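Peer 1: The following block contains the structure, expressed as structure tokens.
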Amino acid sequence: MPTVNSGKVLVTGANGFIAVWVVKTLLEQGFSVRGTVRSESKAIHLRDVFKSFGDKFEVVIVEDITKEGAFDDAVKDIDAIEHTASPFHFKADDPDELIGPAVHGTTGILKSALKYGTAVKRIVVTSSCAAVLTVGTTPRVYSEENWNEGSVNEVREQGRAATQPAKYRASKTLAERAAWAFVQDAQGGLPWDLVVLNPPFVFGPAIHGVGDTPESLNESAREWYLKVVKGEIDDEGLANTGSSYVDVRDLALAHVLALQKSEAGGERIIVSAAPYKWQDWVNVAHRLDPKVPAGNTAYDPAKAEHFFQYAPEKERKILGVPFRTLEQTTKDTLDDLRARGWL
């Protein structure tokens with residue numbers, strides 16, 4: 001299996017919450033980076049953030065990732081690709097608002113790499129645990145063998161009436177399925193190999209372009225702000241709802257390690273730090289800053305039932321990311337919010 005320890009890496013959707021940290025981590029490790037964004041206005045912030053890296057960083061415009069050949073020029077003279085571009089929001093009416101860009105963006109980058117990415121050795125696709133989990137009523141530990149067929153079926157049967165989480169989860173599942181199908185159909189005839197990373201909820205400080213209000217944060221960061229800092233969740237929700245998480249900076253490192261570790265080639269890898277209930281975040285945040293509401297003071301973490309846990313063995317063996325603690329992620333997120341005047 002090939003490894004990529006130097007050269008130029010293409011990062012799609014480079015202005016995204018996760019992608020900006022991927023770009024930063026790559027640059028700090030000596031790579032050159034070409035990032036794609038949808039418009040010139042989105043490129044301005046990135047050029048400013050990474051201006052100290054000079055010509056090691058460049059931005060190109062790909063207005064519509066669903067168009068045939070959208071990435072044809074972007075993949076030229078590239079050694080590896082980090083494909084992060086995919087919509088994440090809970091506002092879609094038609095499920096295809098999410099599914100179309102997710103699937104066509106993913107297959108499009110693979111097609112372009114095959115046609116014009118003559119130097120590409122490895123492609124890393126950012127999928128999600130949304131493509132792994134199945135919503136249920138009992139605690140469960142998921143592994144890379146699991147697929148979320150439930151959300152796909154819900155969307156197929158209900159269309160626009162499907163829940164917003166189901167629409168998003170279906171988009172991630174179908175996009176990842178399409179990536180693996182592309183590789184399988186090539187029957188070993190590809191000059192590069194594929195790695196897929198599946199994170200759960202991604203939290204942490206933001207360095208992408210954020211507006212002047214918390215409402216402009218990306219989906220996961222905004223949810224963290226509203227539930228942890230603003231207390232917009234009741235005691236029952238604090239004690240009984242949650243998932244698993246990974247710090248955005250650790251996920252970015254995983255993207256780099258996925259290029260550097262030969263054994264990652266051809267693998268689907270869940271990148272998850274730990275499970276949580278929302279009160280776990282609140283407990284730490286309130287201790288660090290008493291202005292944060294105390295939440296459910298009767299919560300006992302020892303009695304918490306975690307419905308979405310992920311087997312860590314594959315990631316630990318192949319990538320070995322030294323995950324930040326929930327406490328560290330909380331501290332750094334609060335510091336970021338405080339610096340923006342939102343705390």
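Chains: A, B, ... in order of the structure tokens. Residues: from 1 per chain. Ligands: from 1, in order shown.
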Considering only C-alpha atoms, return as a PyMOL selection string whatever protein or nucleic-acid residues lie within 12 Å of Phe323 of chain A, sequence-local ones (same chain, fewer than 6 positions apart) excluded.
Peer 2: chain A and resi 245-254+271-274+312+315-316+329
Peer 1: Run DSSP on the backbone and give me the residues of segment 189-320 of chain A it puts in strand (DSSP E or B), as a list of chain:residue names.
Peer 2: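 For segment 189-320 of chain A, the strand (DSSP E or B) set is A:Asp193, A:Leu194, A:Val195, A:Val196, A:Leu197, A:Asn198, A:Phe201, A:Val202, A:Phe203, A:Gly242, A:Ser243, A:Ser244, A:Tyr245, A:Val246, A:Asp247, A:Arg268, A:Ile269, A:Ile270, A:Ala274, A:Pro275, A:Tyr276, A:Lys277, A:Phe308, A:Gln309, A:Tyr310.
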Peer 1: For Thr333 of chain A, find every residue with an atom within 6 Å (counting only C-alpha atoms), except residues of its own chain fewer than 2 positions away, and show them as number ranges by chain.
Peer 2: A: 204-205, 330-331, 335-336
Peer 1: Take the residues from that selection and put them in a file with N, CA and C atoms, as an mmCIF file, in the first residue's frame.
Peer 2:
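Contents of result33.cif, freshly written:
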```cif
data_model
loop_
_atom_site.group_PDB
_atom_site.id
_atom_site.type_symbol
_atom_site.label_atom_id
_atom_site.label_comp_id
_atom_site.auth_asym_id
_atom_site.auth_seq_id
_atom_site.Cartn_x
_atom_site.Cartn_y
_atom_site.Cartn_z
ATOM 1 N N GLY A 204 -15.252 21.206 19.149
ATOM 2 C CA GLY A 204 -13.970 21.865 19.354
ATOM 3 C C GLY A 204 -13.973 23.277 18.818
ATOM 4 N N PRO A 205 -12.856 23.990 18.977
ATOM 5 C CA PRO A 205 -12.773 25.378 18.529
ATOM 6 C C PRO A 205 -12.816 25.489 17.008
ATOM 7 N N THR A 330 -13.531 20.922 25.965
ATOM 8 C CA THR A 330 -14.420 21.914 26.576
ATOM 9 C C THR A 330 -13.682 23.219 26.846
ATOM 10 N N LYS A 331 -12.512 23.131 27.474
ATOM 11 C CA LYS A 331 -11.737 24.334 27.798
ATOM 12 C C LYS A 331 -11.426 25.141 26.545
ATOM 13 N N ASP A 335 -12.761 28.869 25.491
ATOM 14 C CA ASP A 335 -11.800 29.940 25.201
ATOM 15 C C ASP A 335 -12.097 30.583 23.850
ATOM 16 N N ASP A 336 -12.442 29.757 22.860
ATOM 17 C CA ASP A 336 -12.770 30.263 21.536
ATOM 18 C C ASP A 336 -14.027 31.130 21.578
#
```
Peer 1: I need the alpha helix (DSSP H) residues of segment 210-271 of chain A per DSSP on the backbone, written as a list in words.
Peer 2: Glu219, Ser220, Ala221, Arg222, Glu223, Trp224, Asp235, Glu236, Gly237, Leu238, Ala239, Asn240, Val248, Arg249, Asp250, Leu251, Ala252, Leu253, Ala254, His255, Val256, Leu257, Ala258, Leu259 and Gln260 of chain A
Peer 1: Do a neighbour search on segment 294-299 of chain A at 8 Å with only C-alpha atoms, toss out local chain neighbours closer than 2 positions, and write the hits as an MDAnalysis selection string.
Peer 2: chainID A and resid 231 234:236 238:239 279 282:283 286 290 292 301
Peer 1: Which one is closest to Gly159 of chain A: A:Lys115, A:Val4, A:Asp93, A:Ala221? Count only C-alpha atoms.
Peer 2: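 Residue with the minimum atom-to-atom distance to Gly159 of chain A: A:Asp93.
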Peer 1: Taking only C-alpha atoms into account, name the residue in A:Leu319, A:Ser216, A:Trp278, A:Gly211 that is nearest to Ile233 of chain A.
Peer 2: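 Selected residue with least distance to Ile233 of chain A: A:Trp278.
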Peer 1: Determine the nearest neighbour of Gln164 of chain A from the options A:Ala92, A:Val125, A:Val60, A:Leu326, counting only C-alpha atoms.
Peer 2: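 Ranking A:Ala92, A:Val125, A:Val60, A:Leu326 by distance to Gln164 of chain A, first place goes to A:Ala92.
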Peer 1: Write out as a list in words which residues come within 8 Å of Asn198 of chain A when counting only C-alpha atoms, dropping same-chain ones fewer than 4 positions away.
Peer 2: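 Using only C-alpha atoms, the neighbours found are Thr126, Ser127, Ser128, Cys129, Ala131, Val132, Arg268, Ile269, Ile270 and Val271 of chain A.
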Peer 1: I'd like the neighbourhood of Ser39 of chain A as an MDAnalysis selection string, where a residue qualifies if any of its atoms comes within 10 Å (using only C-alpha atoms), though same-chain residues fewer than 4 positions away should be ignored.
Peer 2: chainID A and resid 43:44 60:64
Peer 1: Report as JSON lines: every residue of segment 232-333 of chain A with an atom at most 9 Å from segment 116-123 of chain A, its closest pair of atoms, and their distance in Å to one decimal, counting only C-alpha atoms, with rows sorted by chain and ascending residue number.
Peer 2:
```
{"residue": "A:Ala258", "atom": "CA", "partner": "A:Arg122", "partner_atom": "CA", "distance": 8.9}
{"residue": "A:Leu259", "atom": "CA", "partner": "A:Arg122", "partner_atom": "CA", "distance": 6.7}
{"residue": "A:Gly265", "atom": "CA", "partner": "A:Arg122", "partner_atom": "CA", "distance": 7.6}
```
Peer 1: Write out, as a tab-separated table (two decimals), in the first residue's frame, the residues just selected, with all heavy atoms.
Peer 2:
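Heads up, here's the output in selection_34.tsv:
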```
chain	number	residue	atom	x	y	z
A	258	ALA	N	-3.96	9.05	8.00
A	258	ALA	CA	-4.54	8.14	7.00
A	258	ALA	C	-3.76	8.18	5.70
A	258	ALA	O	-3.81	7.23	4.91
A	258	ALA	CB	-6.00	8.50	6.76
A	259	LEU	N	-3.05	9.26	5.44
A	259	LEU	CA	-2.16	9.33	4.28
A	259	LEU	C	-0.83	8.64	4.56
A	259	LEU	O	-0.24	8.03	3.67
A	259	LEU	CB	-1.87	10.79	3.90
A	259	LEU	CG	-3.05	11.68	3.50
A	259	LEU	CD1	-2.54	13.09	3.18
A	259	LEU	CD2	-3.79	11.10	2.32
A	265	GLY	N	-4.69	1.87	3.90
A	265	GLY	CA	-5.20	1.72	2.55
A	265	GLY	C	-6.30	0.67	2.45
A	265	GLY	O	-6.16	-0.45	2.95
```
Peer 1: Do you know which residues are at most 9 Å from Leu46 of chain A counting only C-alpha atoms, after dropping those on the same chain fewer than 5 positions away, and could you put them as a compact mmCIF listing (two decimals) with N, CA and C atoms, in the first residue's frame?
Peer 2:
```
# COMPACT_ATOMS: atom_id res chain seq x y z
N ALA A 14 -12.63 23.19 1.53
CA ALA A 14 -11.58 23.58 2.48
C ALA A 14 -12.00 24.63 3.49
N ASN A 15 -13.15 25.26 3.29
CA ASN A 15 -13.62 26.27 4.24
C ASN A 15 -14.50 25.68 5.33
N VAL A 20 -10.80 22.97 7.47
CA VAL A 20 -9.79 23.99 7.77
C VAL A 20 -8.73 23.44 8.71
N GLY A 35 -6.74 23.90 -1.71
CA GLY A 35 -8.09 23.77 -1.18
C GLY A 35 -9.12 24.19 -2.20
N LYS A 51 -1.83 32.66 5.41
CA LYS A 51 -0.90 33.51 4.66
C LYS A 51 0.56 33.28 5.07
N VAL A 59 -5.85 28.27 -3.17
CA VAL A 59 -7.29 28.00 -3.20
C VAL A 59 -7.76 28.05 -4.65
N HIS A 208 -12.58 28.16 10.93
CA HIS A 208 -13.14 28.48 9.62
C HIS A 208 -13.87 29.82 9.71
N GLY A 209 -14.31 30.31 8.57
CA GLY A 209 -14.97 31.60 8.54
C GLY A 209 -16.31 31.56 9.25
```
Peer 1: Here is a test: counting only C-alpha atoms, which residue of A:Thr66, A:Thr241, A:Ser220, A:Gln309 is nearest to Gly16 of chain A?
Peer 2: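 Looking at the shortest contact to Gly16 of chain A, the residue is A:Ser220.
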Peer 1: When distances are computed from only C-alpha atoms, which of A:Asp48, A:Gly100, A:Thr12, A:Pro95 shows the smallest separation from Phe71 of chain A?
Peer 2: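 Among the listed residues, A:Thr12 lies closest to Phe71 of chain A.
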Peer 1: Report, in Å to a single decimal, how far apart atom CA of Ser86 of chain A and atom CA of Leu217 of chain A are.
Peer 2: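 Going from atom CA of Leu217 of chain A over to atom CA of Ser86 of chain A, I get 16.3 Å.
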